[in-house]
Structure formats: structure tokens, C-alpha cells
file coords_30.pdb (PDB, C-alpha atoms)
ATOM      1  CA  MET Z   1     -78.226  40.206 -15.969
ATOM      2  CA  SER Z   2     -75.479  39.127 -18.314
ATOM      3  CA  LYS Z   3     -74.762  41.175 -21.385
ATOM      4  CA  LYS Z   4     -75.853  39.859 -24.723
ATOM      5  CA  ALA Z   5     -73.896  40.562 -27.873
ATOM      6  CA  ALA Z   6     -75.547  42.123 -30.900
ATOM      7  CA  ARG Z   7     -77.092  39.454 -33.097
ATOM      8  CA  PRO Z   8     -74.566  38.345 -35.739
ATOM      9  CA  ILE Z   9     -75.395  39.105 -39.341
ATOM     10  CA  SER Z  10     -76.576  36.030 -41.223
ATOM     11  CA  THR Z  11     -77.024  35.499 -44.941
ATOM     12  CA  ALA Z  12     -78.924  32.225 -44.599
ATOM     13  CA  LYS Z  13     -82.394  31.884 -46.115
ATOM     14  CA  ARG Z  14     -83.053  35.545 -46.702
ATOM     15  CA  PRO Z  15     -86.619  36.209 -47.907
ATOM     16  CA  TYR Z  16     -85.254  39.325 -49.660
ATOM     17  CA  THR Z  17     -82.364  40.296 -51.927
ATOM     18  CA  LEU Z  18     -79.826  42.965 -51.049
ATOM     19  CA  PRO Z  19     -78.927  45.340 -53.907
ATOM     20  CA  ALA Z  20     -75.840  44.352 -55.857
ATOM     21  CA  ARG Z  21     -72.701  46.400 -55.355
ATOM     22  CA  PRO Z  22     -71.571  48.145 -58.563
ATOM     23  CA  GLU Z  23     -68.318  47.073 -60.174
ATOM     24  CA  ALA Z  24     -66.844  50.548 -59.670
ATOM     25  CA  LEU Z  25     -67.287  50.290 -55.905
ATOM     26  CA  LEU Z  26     -65.673  46.838 -55.781
ATOM     27  CA  SER Z  27     -62.716  48.065 -57.838
ATOM     28  CA  MET Z  28     -62.349  51.088 -55.607
ATOM     29  CA  VAL Z  29     -62.315  48.890 -52.482
ATOM     30  CA  GLU Z  30     -59.507  46.846 -54.016
ATOM     31  CA  LEU Z  31     -57.481  50.002 -54.667
ATOM     32  CA  MET Z  32     -58.194  51.443 -51.221
ATOM     33  CA  GLN Z  33     -56.697  48.340 -49.618
ATOM     34  CA  ARG Z  34     -53.306  49.084 -51.152
ATOM     35  CA  LYS Z  35     -50.588  50.767 -49.128
ATOM     36  CA  GLU Z  36     -50.631  53.929 -51.250
ATOM     37  CA  PRO Z  37     -53.849  54.194 -53.303
ATOM     38  CA  ASN Z  38     -53.372  56.104 -56.548
ATOM     39  CA  ALA Z  39     -55.746  59.055 -57.045
ATOM     40  CA  ASP Z  40     -55.501  58.853 -60.858
ATOM     41  CA  GLN Z  41     -56.482  55.173 -60.829
ATOM     42  CA  ILE Z  42     -59.428  55.890 -58.511
ATOM     43  CA  ALA Z  43     -60.490  58.721 -60.836
ATOM     44  CA  GLN Z  44     -60.435  56.336 -63.816
ATOM     45  CA  ILE Z  45     -62.706  53.920 -61.956
ATOM     46  CA  LEU Z  46     -65.186  56.652 -60.975
ATOM     47  CA  LYS Z  47     -65.312  58.011 -64.529
ATOM     48  CA  GLN Z  48     -66.844  54.704 -65.597
ATOM     49  CA  ASP Z  49     -69.900  55.358 -63.393
ATOM     50  CA  VAL Z  50     -71.738  58.600 -64.163
ATOM     51  CA  CYS Z  51     -73.624  58.589 -60.854
ATOM     52  CA  LEU Z  52     -70.464  58.226 -58.740
ATOM     53  CA  TYR Z  53     -68.520  60.693 -60.894
ATOM     54  CA  ALA Z  54     -71.223  63.331 -60.506
ATOM     55  CA  SER Z  55     -71.616  62.742 -56.759
ATOM     56  CA  VAL Z  56     -67.915  63.373 -56.081
ATOM     57  CA  LEU Z  57     -67.793  66.588 -58.112
ATOM     58  CA  SER Z  58     -71.053  67.743 -56.527
ATOM     59  CA  GLU Z  59     -69.638  67.253 -53.022
ATOM     60  CA  VAL Z  60     -66.309  68.957 -53.671
ATOM     61  CA  ASN Z  61     -68.134  71.968 -55.129
ATOM     62  CA  ALA Z  62     -70.696  72.174 -52.306
ATOM     63  CA  PRO Z  63     -71.003  75.665 -50.757
ATOM     64  CA  HIS Z  64     -69.940  74.496 -47.290
ATOM     65  CA  LEU Z  65     -66.424  73.756 -48.577
ATOM     66  CA  GLY Z  66     -66.074  77.395 -49.558
ATOM     67  CA  LEU Z  67     -63.898  76.873 -52.642
ATOM     68  CA  ARG Z  68     -63.513  79.992 -54.771
ATOM     69  CA  LYS Z  69     -63.138  78.142 -58.049
ATOM     70  CA  LYS Z  70     -65.328  75.309 -59.316
ATOM     71  CA  ILE Z  71     -63.507  71.975 -59.470
ATOM     72  CA  THR Z  72     -64.005  69.940 -62.643
ATOM     73  CA  ASP Z  73     -60.961  67.655 -62.495
ATOM     74  CA  LEU Z  74     -61.777  64.419 -60.685
ATOM     75  CA  THR Z  75     -58.207  63.697 -59.533
ATOM     76  CA  HIS Z  76     -58.024  67.187 -58.018
ATOM     77  CA  ALA Z  77     -61.370  66.588 -56.299
ATOM     78  CA  ILE Z  78     -60.101  63.294 -54.834
ATOM     79  CA  THR Z  79     -57.000  65.036 -53.482
ATOM     80  CA  LEU Z  80     -59.070  67.814 -51.879
ATOM     81  CA  LEU Z  81     -61.599  65.468 -50.289
ATOM     82  CA  GLY Z  82     -59.160  62.852 -49.016
ATOM     83  CA  LEU Z  83     -59.626  59.116 -49.474
ATOM     84  CA  ASP Z  84     -61.732  58.428 -46.363
ATOM     85  CA  ARG Z  85     -64.255  61.145 -47.155
ATOM     86  CA  LEU Z  86     -64.234  60.212 -50.836
ATOM     87  CA  PHE Z  87     -65.039  56.585 -50.027
ATOM     88  CA  ALA Z  88     -67.901  57.651 -47.747
ATOM     89  CA  ILE Z  89     -69.368  59.797 -50.548
ATOM     90  CA  VAL Z  90     -69.028  57.027 -53.127
ATOM     91  CA  ARG Z  91     -70.586  54.373 -50.861
ATOM     92  CA  LEU Z  92     -73.634  56.525 -50.161
ATOM     93  CA  ALA Z  93     -74.098  57.576 -53.777
ATOM     94  CA  ALA Z  94     -73.812  54.001 -55.060
ATOM     95  CA  LEU Z  95     -76.195  52.594 -52.467
ATOM     96  CA  LYS Z  96     -78.751  55.362 -52.935
ATOM     97  CA  ASN Z  97     -78.619  54.894 -56.699
ATOM     98  CA  SER Z  98     -79.101  51.143 -56.331
ATOM     99  CA  LEU Z  99     -82.007  51.492 -53.903
ATOM    100  CA  GLY Z 100     -83.591  54.186 -56.062
ATOM    101  CA  LYS Z 101     -84.295  51.583 -58.722
ATOM    102  CA  VAL Z 102     -86.963  49.956 -56.544
ATOM    103  CA  GLU Z 103     -89.623  52.599 -57.140
ATOM    104  CA  ARG Z 104     -90.086  56.337 -56.728
ATOM    105  CA  LEU Z 105     -88.870  57.195 -53.242
ATOM    106  CA  ASP Z 106     -88.353  60.952 -53.529
ATOM    107  CA  ARG Z 107     -90.063  61.781 -50.247
ATOM    108  CA  PHE Z 108     -88.263  58.926 -48.499
ATOM    109  CA  TRP Z 109     -84.887  60.353 -49.548
ATOM    110  CA  ASP Z 110     -85.966  63.906 -48.692
ATOM    111  CA  SER Z 111     -86.696  62.699 -45.172
ATOM    112  CA  ALA Z 112     -83.430  60.732 -44.975
ATOM    113  CA  THR Z 113     -81.443  63.747 -46.169
ATOM    114  CA  GLU Z 114     -83.055  65.976 -43.562
ATOM    115  CA  ILE Z 115     -82.177  63.536 -40.777
ATOM    116  CA  ALA Z 116     -78.665  63.064 -42.176
ATOM    117  CA  GLU Z 117     -77.995  66.806 -42.165
ATOM    118  CA  LEU Z 118     -79.335  67.138 -38.627
ATOM    119  CA  SER Z 119     -77.223  64.168 -37.508
ATOM    120  CA  ALA Z 120     -74.073  65.756 -38.919
ATOM    121  CA  LEU Z 121     -74.823  69.104 -37.237
ATOM    122  CA  LEU Z 122     -75.561  67.476 -33.882
ATOM    123  CA  ALA Z 123     -72.432  65.317 -34.097
ATOM    124  CA  LYS Z 124     -70.322  68.398 -34.750
ATOM    125  CA  LYS Z 125     -71.874  70.406 -31.916
ATOM    126  CA  LEU Z 126     -72.158  67.713 -29.246
ATOM    127  CA  THR Z 127     -69.561  64.995 -29.886
ATOM    128  CA  ASP Z 128     -66.153  64.200 -31.301
ATOM    129  CA  LEU Z 129     -67.703  61.947 -33.957
ATOM    130  CA  ASP Z 130     -66.765  62.448 -37.584
ATOM    131  CA  PRO Z 131     -69.802  64.374 -38.932
ATOM    132  CA  HIS Z 132     -69.552  62.330 -42.144
ATOM    133  CA  ASP Z 133     -70.150  59.127 -40.183
ATOM    134  CA  ALA Z 134     -73.186  60.718 -38.537
ATOM    135  CA  TYR Z 135     -74.407  61.909 -41.949
ATOM    136  CA  SER Z 136     -74.013  58.403 -43.414
ATOM    137  CA  LEU Z 137     -75.975  56.906 -40.532
ATOM    138  CA  GLY Z 138     -78.746  59.474 -40.873
ATOM    139  CA  MET Z 139     -78.982  58.891 -44.597
ATOM    140  CA  MET Z 140     -79.083  55.110 -44.339
ATOM    141  CA  HIS Z 141     -80.837  54.506 -40.993
ATOM    142  CA  ASP Z 142     -83.982  53.250 -42.779
ATOM    143  CA  CYS Z 143     -82.268  51.871 -45.899
ATOM    144  CA  GLY Z 144     -83.895  48.479 -45.316
ATOM    145  CA  ILE Z 145     -87.302  49.914 -46.248
ATOM    146  CA  PRO Z 146     -86.726  49.976 -50.043
ATOM    147  CA  VAL Z 147     -85.483  46.367 -49.857
ATOM    148  CA  MET Z 148     -88.657  45.349 -48.011
ATOM    149  CA  LEU Z 149     -90.775  47.191 -50.595
ATOM    150  CA  GLU Z 150     -89.138  45.243 -53.385
ATOM    151  CA  ALA Z 151     -89.303  41.888 -51.613
ATOM    152  CA  PHE Z 152     -92.860  41.965 -50.257
ATOM    153  CA  SER Z 153     -95.845  43.105 -52.338
ATOM    154  CA  ASP Z 154     -97.908  43.928 -49.231
ATOM    155  CA  TYR Z 155     -95.186  45.903 -47.449
ATOM    156  CA  LYS Z 156     -96.404  49.258 -48.775
ATOM    157  CA  ALA Z 157     -99.814  48.597 -47.215
ATOM    158  CA  PHE Z 158     -98.058  47.661 -43.979
ATOM    159  CA  LEU Z 159     -96.273  51.032 -43.958
ATOM    160  CA  ARG Z 160     -99.599  52.817 -44.180
ATOM    161  CA  THR Z 161    -101.273  50.814 -41.437
ATOM    162  CA  GLY Z 162     -98.163  50.753 -39.234
ATOM    163  CA  ASN Z 163     -97.722  54.517 -39.315
ATOM    164  CA  GLY Z 164     -97.765  55.742 -35.721
ATOM    165  CA  ASN Z 165     -96.267  52.638 -34.128
ATOM    166  CA  LYS Z 166     -93.027  52.971 -32.210
ATOM    167  CA  PRO Z 167     -89.888  51.548 -33.859
ATOM    168  CA  LEU Z 168     -89.645  48.510 -31.560
ATOM    169  CA  GLU Z 169     -93.250  47.610 -32.324
ATOM    170  CA  ILE Z 170     -92.641  48.098 -36.045
ATOM    171  CA  LYS Z 171     -89.652  45.740 -35.851
ATOM    172  CA  ARG Z 172     -91.702  43.126 -33.981
ATOM    173  CA  ILE Z 173     -94.623  43.248 -36.426
ATOM    174  CA  GLU Z 174     -92.332  43.218 -39.480
ATOM    175  CA  GLN Z 175     -90.513  40.161 -38.164
ATOM    176  CA  GLN Z 176     -93.786  38.402 -37.407
ATOM    177  CA  GLN Z 177     -95.433  39.250 -40.725
ATOM    178  CA  PHE Z 178     -92.486  39.087 -43.149
ATOM    179  CA  SER Z 179     -89.844  37.007 -41.293
ATOM    180  CA  ALA Z 180     -87.548  40.017 -41.718
ATOM    181  CA  ASN Z 181     -87.298  43.565 -40.447
ATOM    182  CA  HIS Z 182     -85.885  46.648 -42.104
ATOM    183  CA  PHE Z 183     -83.522  47.489 -39.236
ATOM    184  CA  THR Z 184     -81.612  44.204 -39.489
ATOM    185  CA  ILE Z 185     -81.682  44.386 -43.287
ATOM    186  CA  GLY Z 186     -80.238  47.910 -43.111
ATOM    187  CA  GLY Z 187     -77.407  46.711 -40.887
ATOM    188  CA  GLU Z 188     -76.640  43.791 -43.204
ATOM    189  CA  MET Z 189     -76.665  46.050 -46.236
ATOM    190  CA  ALA Z 190     -74.389  48.668 -44.661
ATOM    191  CA  ASP Z 191     -71.977  45.878 -43.749
ATOM    192  CA  GLU Z 192     -71.921  44.458 -47.266
ATOM    193  CA  TRP Z 193     -71.463  47.909 -48.744
ATOM    194  CA  TYR Z 194     -68.300  48.511 -46.703
ATOM    195  CA  MET Z 195     -69.661  51.023 -44.223
ATOM    196  CA  PRO Z 196     -67.800  51.239 -40.890
ATOM    197  CA  HIS Z 197     -68.948  48.541 -38.458
ATOM    198  CA  GLU Z 198     -70.259  51.137 -35.981
ATOM    199  CA  ILE Z 199     -72.616  52.554 -38.623
ATOM    200  CA  SER Z 200     -73.913  49.095 -39.569
ATOM    201  CA  GLN Z 201     -74.406  48.276 -35.895
ATOM    202  CA  ALA Z 202     -76.121  51.600 -35.168
ATOM    203  CA  ILE Z 203     -78.593  51.029 -38.015
ATOM    204  CA  GLU Z 204     -79.532  47.613 -36.613
ATOM    205  CA  LEU Z 205     -79.565  48.608 -32.921
ATOM    206  CA  GLN Z 206     -81.291  52.015 -33.187
ATOM    207  CA  VAL Z 207     -84.544  50.432 -31.969
ATOM    208  CA  ASP Z 208     -82.780  48.950 -28.946
ATOM    209  CA  LEU Z 209     -81.637  52.302 -27.572
ATOM    210  CA  ILE Z 210     -82.625  51.606 -23.960
ATOM    211  CA  ASP Z 211     -80.886  48.221 -23.904
ATOM    212  CA  VAL Z 212     -77.837  49.719 -25.630
ATOM    213  CA  LEU Z 213     -77.435  52.556 -23.122
ATOM    214  CA  SER Z 214     -78.136  50.300 -20.132
ATOM    215  CA  GLY Z 215     -75.468  47.848 -21.277
ATOM    216  CA  LYS Z 216     -77.807  44.923 -21.941
ATOM    217  CA  VAL Z 217     -76.653  44.940 -25.573
ATOM    218  CA  GLU Z 218     -72.917  45.090 -26.146
ATOM    219  CA  CYS Z 219     -71.492  47.720 -28.463
ATOM    220  CA  ASN Z 220     -68.697  50.252 -28.284
ATOM    221  CA  ASP Z 221     -68.946  53.905 -27.292
ATOM    222  CA  LYS Z 222     -68.883  55.148 -30.864
ATOM    223  CA  THR Z 223     -71.938  53.074 -31.763
ATOM    224  CA  LYS Z 224     -73.770  54.316 -28.670
ATOM    225  CA  THR Z 225     -72.944  57.937 -29.492
ATOM    226  CA  LEU Z 226     -74.029  57.491 -33.116
ATOM    227  CA  ILE Z 227     -77.388  56.064 -32.000
ATOM    228  CA  CYS Z 228     -77.875  58.946 -29.547
ATOM    229  CA  VAL Z 229     -77.134  61.539 -32.235
ATOM    230  CA  LEU Z 230     -79.488  59.792 -34.674
ATOM    231  CA  THR Z 231     -82.217  59.694 -32.016
ATOM    232  CA  LEU Z 232     -81.987  63.453 -31.466
ATOM    233  CA  ALA Z 233     -81.935  64.106 -35.207
ATOM    234  CA  LYS Z 234     -85.089  62.020 -35.685
ATOM    235  CA  GLU Z 235     -86.765  63.843 -32.817
ATOM    236  CA  VAL Z 236     -86.012  67.291 -34.270
ATOM    237  CA  SER Z 237     -87.117  66.134 -37.702
ATOM    238  CA  ALA Z 238     -90.336  64.644 -36.290
ATOM    239  CA  ILE Z 239     -91.192  67.923 -34.577
ATOM    240  CA  TYR Z 240     -90.596  69.828 -37.777
ATOM    241  CA  ARG Z 241     -92.404  67.096 -39.724
ATOM    242  CA  ARG Z 242     -92.878  67.996 -43.360
ATOM    243  CA  PHE Z 243     -92.030  64.832 -45.237
ATOM    244  CA  TRP Z 244     -93.401  61.302 -45.196
ATOM    245  CA  ARG Z 245     -92.096  59.049 -42.410
ATOM    246  CA  ILE Z 246     -93.213  55.777 -40.884
ATOM    247  CA  TYR Z 247     -92.747  56.921 -37.275
ATOM    248  CA  ASP Z 248     -95.620  59.329 -36.925
ATOM    249  CA  ASN Z 249     -95.854  59.053 -33.158
ATOM    250  CA  LYS Z 250     -96.892  62.247 -31.393
ATOM    251  CA  GLU Z 251     -95.991  61.054 -27.901
ATOM    252  CA  PRO Z 252     -92.910  62.600 -26.240
ATOM    253  CA  LEU Z 253     -89.704  60.652 -26.781
ATOM    254  CA  MET Z 254     -89.382  58.670 -23.555
ATOM    255  CA  GLU Z 255     -85.729  57.823 -24.287
ATOM    256  CA  LEU Z 256     -84.758  61.500 -24.472
ATOM    257  CA  PRO Z 257     -83.524  61.813 -20.831
ATOM    258  CA  LEU Z 258     -81.314  58.726 -21.323
ATOM    259  CA  VAL Z 259     -79.832  60.145 -24.517
ATOM    260  CA  LEU Z 260     -79.144  63.566 -23.003
ATOM    261  CA  ALA Z 261     -77.594  61.964 -19.914
ATOM    262  CA  TYR Z 262     -75.300  59.813 -22.065
ATOM    263  CA  LEU Z 263     -74.208  62.858 -24.089
ATOM    264  CA  GLY Z 264     -73.831  64.955 -20.930
ATOM    265  CA  LEU Z 265     -76.228  67.561 -22.299
ATOM    266  CA  PRO Z 266     -78.539  69.468 -19.884
ATOM    267  CA  ASP Z 267     -82.222  69.577 -20.882
ATOM    268  CA  VAL Z 268     -82.300  73.347 -21.214
ATOM    269  CA  ASP Z 269     -79.264  73.376 -23.517
ATOM    270  CA  TYR Z 270     -80.826  70.753 -25.741
ATOM    271  CA  LEU Z 271     -84.101  72.675 -25.954
ATOM    272  CA  ASP Z 272     -82.197  75.792 -27.038
ATOM    273  CA  LEU Z 273     -80.234  73.788 -29.604
ATOM    274  CA  ARG Z 274     -83.393  72.138 -30.896
ATOM    275  CA  GLU Z 275     -85.047  75.518 -31.313
ATOM    276  CA  ASP Z 276     -82.049  76.751 -33.327
ATOM    277  CA  LEU Z 277     -82.166  73.686 -35.561
ATOM    278  CA  LEU Z 278     -85.892  74.082 -36.173
ATOM    279  CA  LYS Z 279     -85.326  77.706 -37.198
ATOM    280  CA  GLU Z 280     -82.572  76.582 -39.581
ATOM    281  CA  LEU Z 281     -84.909  74.042 -41.174
ATOM    282  CA  GLU Z 282     -87.593  76.681 -41.591
ATOM    283  CA  LYS Z 283     -85.143  79.161 -43.102
ATOM    284  CA  LYS Z 284     -83.840  76.532 -45.512
ATOM    285  CA  ASP Z 285     -87.375  75.717 -46.703
ATOM    286  CA  MET Z 286     -88.182  79.389 -47.194
ATOM    287  CA  ILE Z 287     -85.095  79.791 -49.387
ATOM    288  CA  SER Z 288     -85.842  76.664 -51.411
TER     289      SER Z 288
END

call {"tool": "encode", "arguments": {"input": "coords_30.pdb", "output": "C-alpha cells"}}
result
Amino acid sequence: MSKKAARPISTAKRPYTLPARPEALLSMVELMQRKEPNADQIAQILKQDVCLYASVLSEVNAPHLGLRKKITDLTHAITLLGLDRLFAIVRLAALKNSLGKVERLDRFWDSATEIAELSALLAKKLTDLDPHDAYSLGMMHDCGIPVMLEAFSDYKAFLRTGNGNKPLEIKRIEQQQFSANHFTIGGEMADEWYMPHEISQAIELQVDLIDVLSGKVECNDKTKTLICVLTLAKEVSAIYRRFWRIYDNKEPLMELPLVLAYLGLPDVDYLDLREDLLKELEKKDMIS
């Protein structure tokens, strides 16, 4: 069978509206395209957006960075984080802030954050992926859902009745009922918000895992690895299940052997790793 390329992103006749990119993000993109971006100029742009300003300082002062002294100067924070990591933080913060205007989605973001953190940990332990890319994918893998909620008045009811369906079935029903699906929307949105192409592609193709790993859908190795890491993160999160999700399927993950084979991870090693991650989630909840 000949390979088919991933479906190209199209902006024609959308029955939904993607969230607008804030001016600060557009200005930052313009600066980042210069040969030597100026940290002071980037800081001035971020200071005009309270959400982005706060997100950068929050990240640079996060416990995992282990800084002894709290950083309050934005230019210093930019220098410590580096431009690539800074841009990843700003993109996520801006997009989350924009999507958060749809309606209250606290539990949705709690779930996304849990999967993002698991994705980053798994990427670090099992692959040579940048954990920040894995985190971004985990955070935004279902980012099309808020757009669907805003565009279609009966989408919330669909989420309730569709709970328990597998992702491919959800995509099929969404496309049939709304002439759109949240996986493709998520990929389009990530693309428009300047996320790396592999992340945009992984968001759209996450439901096509079997075809991706068998080579029926063309994508590069990084995209395949990102989808595999996301799949494991979702599986661990589903087992631990504490927050609202739309994939409430209690059947074993049939794609798991394919994912482990692609990552070169023996079953027994994955089960041990999964157990460790579940204990970490439990410990974190006990502390919070």
C-alpha cells in the first residue's frame, strides 16, 4: 500500500474560529526572527502582557530549576531560560489564556497539566526528545476542545454522551456531526501559534497511531516519538484517573505493544516505570 501524507491544513470554510494571537506574541515572533534577538526588547514586549510576564517569572522561579535567589528581573529571566525555552513558555501561556476565555475549564487544564508533566518525564527517561516539546504536546493535545465548545452549542452534550468512546471513534463522530474534529483543529491552532511542526502534526495524528507507526501515514521520527510518549502519558493518567477526561475507556490500550516496540522498551520495564509514575502522582496529590 502506498504511503499517504498527513492531510494538509486548510483554512477554507471553517465552521469555527481559532483564537486570535495576542499582539505581544506576534511582536515577539518578529524579534525572534532576527539574527541576534535582544533580550531587553523581548522583555519590554512581555511587560505589556501581564499573563505572559507572570508566566515567564513563574517558570524561572519554579523549584525544579533550583535557583537559590528569586528572580524578579525579566531580562535576567530571559537570559537564564534561553530564547527557545522562553518562546515555548510564552506560546503555551498565551494560548492557554486565550482558550480560557471560552468558559470555565479548570478540570480540563488540570487534566492537560497532568498529562503534560507525565509526557515530559517520559520523554526525559525514554527518549532524546526535548522534554519541553513533550510538555507542550501534552498540554495542548486536546486544545481543539475549547474551540469546539465555543463554536457548537451542543458540543458539551456530545462530550457527555461520547465519554467512553475511543479517540478514532470520537474523531469520526465529531466530523460527522459538526463537520470538524478537535484533533485537526488542535493541529491547525498549534501551527498558527508557531509551535514546532512536529507538535502540530502529533496533535492531529495522535488518533492515527497505528497508521503512523506502520508507515501508512507519513511523518518524521520525532513526530512518531512524540505521539508514542503522549500515548504512554495518557495511559498512565487514565489509570490514575482523578480529573475529567473525554476518553473514559476502561479497555486495555491495544496500541501499547506497538508503542513499546517503537521505543525499544520491554514490557516489564514499562510496568515498573508506570508504577513509579503512579506513586509520584499519588505523592503529589497528598502534598497538595

call {"tool": "residues_around", "arguments": {"input": "coords_30.pdb", "residues": "His132 in chain Z", "least_positions_apart": "4", "cutoff": "10 Å", "atoms": "only C-alpha atoms", "output": "PyMOL selection string"}}
result
chain Z and resi 84-85+88-89+116-117+119-121+123-124+136-138

call {"tool": "atom_distance", "arguments": {"input": "coords_30.pdb", "atom1": "CA of Leu92 in chain Z", "atom2": "CA of Gln206 in chain Z"}}
result
19.2 Å

call {"tool": "atom_distance", "arguments": {"input": "coords_30.pdb", "atom1": "CA of His197 in chain Z", "atom2": "CA of Leu118 in chain Z"}}
result
21.3 Å

call {"tool": "residues_around", "arguments": {"input": "coords_30.pdb", "residues": "range 179-192 of chain Z", "least_positions_apart": "4", "cutoff": "10 Å", "atoms": "only C-alpha atoms", "output": "PyMOL selection string"}}
result
chain Z and resi 7-11+14-21+91-92+95+136-137+140-149+167-168+170-175+196-207

call {"tool": "closest_residue", "arguments": {"input": "coords_30.pdb", "among": "Z:Thr231, Z:Ser27, Z:Thr79, Z:Gln177", "to": "Asp49 in chain Z", "atoms": "all atoms listed in the file"}}
result
Z:Ser27

call {"tool": "axis_aligned_box", "arguments": {"input": "coords_30.pdb", "around": "range 87-93 of chain Z", "padding_each_side": "3 Å", "output": "JSON"}}
result
{"center_x": -69.6, "center_y": 57.1, "center_z": -50.8, "size_x": 15.1, "size_y": 11.4, "size_z": 12.0}

call {"tool": "residues_around", "arguments": {"input": "coords_30.pdb", "residues": "Leu52 in chain Z", "least_positions_apart": "4", "cutoff": "10 Å", "atoms": "all atoms listed in the file", "output": "list of chain:residue names"}}
result
Z:Ala24, Z:Leu25, Z:Ile45, Z:Leu46, Z:Lys47, Z:Gln48, Z:Val56, Z:Leu57, Z:Ser58, Z:Ile89, Z:Val90, Z:Arg91, Z:Leu92, Z:Ala93, Z:Ala94, Z:Asn97

call {"tool": "closest_residue", "arguments": {"input": "coords_30.pdb", "among": "Z:Glu235, Z:Leu122, Z:Leu253, Z:Trp193", "to": "Leu273 in chain Z", "atoms": "only C-alpha atoms"}}
result
Z:Leu122

call {"tool": "atom_distance", "arguments": {"input": "coords_30.pdb", "atom1": "CA of Ile210 in chain Z", "atom2": "CA of Asp130 in chain Z"}}
result
23.6 Å

call {"tool": "closest_atom_pairs", "arguments": {"input": "coords_30.pdb", "of": "range 93-170 of chain Z", "to": "range 255-272 of chain Z", "cutoff": "12 Å", "atoms": "only C-alpha atoms", "output": "Markdown table"}}
result
| residue | atom | partner | partner_atom | distance |
| --- | --- | --- | --- | --- |
| Z:Leu122 | CA | Z:Tyr270 | CA | 10.2 |
| Z:Ala123 | CA | Z:Leu263 | CA | 10.5 |
| Z:Lys125 | CA | Z:Tyr270 | CA | 10.9 |
| Z:Leu126 | CA | Z:Leu263 | CA | 7.4 |
| Z:Thr127 | CA | Z:Leu263 | CA | 7.7 |
| Z:Asp128 | CA | Z:Leu263 | CA | 10.9 |
| Z:Leu129 | CA | Z:Leu263 | CA | 11.9 |
| Z:Lys166 | CA | Z:Glu255 | CA | 11.8 |

call {"tool": "closest_residue", "arguments": {"input": "coords_30.pdb", "among": "Z:Cys228, Z:Val60, Z:Ala233, Z:Leu81", "to": "Glu114 in chain Z", "atoms": "all atoms listed in the file"}}
result
Z:Ala233

call {"tool": "closest_residue", "arguments": {"input": "coords_30.pdb", "among": "Z:Val229, Z:Val212, Z:Cys51, Z:Val236", "to": "Gly100 in chain Z", "atoms": "all atoms listed in the file"}}
result
Z:Cys51

call {"tool": "closest_residue", "arguments": {"input": "coords_30.pdb", "among": "Z:Arg107, Z:Lys35, Z:Lys96, Z:His76", "to": "Pro22 in chain Z", "atoms": "only C-alpha atoms"}}
result
Z:Lys96

call {"tool": "residues_near_point", "arguments": {"input": "coords_30.pdb", "point": "(-96.6, 48.8, -45.1)", "cutoff": "10 Å", "atoms": "only C-alpha atoms", "output": "list in words"}}
result
Ile145, Met148, Leu149, Phe152, Ser153, Asp154, Tyr155, Lys156, Ala157, Phe158, Leu159, Arg160, Thr161, Gly162, Asn163, Ile170, Glu174 and Ile246 of chain Z

call {"tool": "closest_residue", "arguments": {"input": "coords_30.pdb", "among": "Z:Leu83, Z:Arg274, Z:Tyr194, Z:Trp109", "to": "Leu26 in chain Z", "atoms": "only C-alpha atoms"}}
result
Z:Tyr194

call {"tool": "build_atoms", "arguments": {"input": "coords_30.pdb", "residues": "range 180-192 of chain Z", "atoms": "N, CA and C atoms", "output": "mmCIF file, keeping the file's coordinate frame"}}
result
data_model
loop_
_atom_site.group_PDB
_atom_site.id
_atom_site.type_symbol
_atom_site.label_atom_id
_atom_site.label_comp_id
_atom_site.auth_asym_id
_atom_site.auth_seq_id
_atom_site.Cartn_x
_atom_site.Cartn_y
_atom_site.Cartn_z
ATOM 1 N N ALA Z 180 -88.680 39.104 -41.503
ATOM 2 C CA ALA Z 180 -87.548 40.017 -41.718
ATOM 3 C C ALA Z 180 -87.956 41.373 -41.171
ATOM 4 N N ASN Z 181 -86.974 42.195 -40.853
ATOM 5 C CA ASN Z 181 -87.298 43.565 -40.447
ATOM 6 C C ASN Z 181 -86.289 44.518 -41.059
ATOM 7 N N HIS Z 182 -86.732 45.749 -41.323
ATOM 8 C CA HIS Z 182 -85.885 46.648 -42.104
ATOM 9 C C HIS Z 182 -84.672 47.161 -41.336
ATOM 10 N N PHE Z 183 -84.675 47.059 -40.024
ATOM 11 C CA PHE Z 183 -83.522 47.489 -39.236
ATOM 12 C C PHE Z 183 -82.355 46.509 -39.409
ATOM 13 N N THR Z 184 -82.646 45.225 -39.296
ATOM 14 C CA THR Z 184 -81.612 44.204 -39.489
ATOM 15 C C THR Z 184 -81.126 44.198 -40.934
ATOM 16 N N ILE Z 185 -82.058 44.330 -41.873
ATOM 17 C CA ILE Z 185 -81.682 44.386 -43.287
ATOM 18 C C ILE Z 185 -80.741 45.572 -43.530
ATOM 19 N N GLY Z 186 -81.080 46.724 -42.942
ATOM 20 C CA GLY Z 186 -80.238 47.910 -43.111
ATOM 21 C C GLY Z 186 -78.830 47.678 -42.588
ATOM 22 N N GLY Z 187 -78.725 47.015 -41.439
ATOM 23 C CA GLY Z 187 -77.407 46.711 -40.887
ATOM 24 C C GLY Z 187 -76.617 45.767 -41.771
ATOM 25 N N GLU Z 188 -77.290 44.743 -42.294
ATOM 26 C CA GLU Z 188 -76.640 43.791 -43.204
ATOM 27 C C GLU Z 188 -76.139 44.502 -44.462
ATOM 28 N N MET Z 189 -77.006 45.360 -44.998
ATOM 29 C CA MET Z 189 -76.665 46.050 -46.236
ATOM 30 C C MET Z 189 -75.483 46.995 -46.039
ATOM 31 N N ALA Z 190 -75.498 47.750 -44.946
ATOM 32 C CA ALA Z 190 -74.389 48.668 -44.661
ATOM 33 C C ALA Z 190 -73.087 47.897 -44.520
ATOM 34 N N ASP Z 191 -73.158 46.727 -43.907
ATOM 35 C CA ASP Z 191 -71.977 45.878 -43.749
ATOM 36 C C ASP Z 191 -71.441 45.427 -45.102
ATOM 37 N N GLU Z 192 -72.343 44.966 -45.962
ATOM 38 C CA GLU Z 192 -71.921 44.458 -47.266
ATOM 39 C C GLU Z 192 -71.428 45.570 -48.186
#
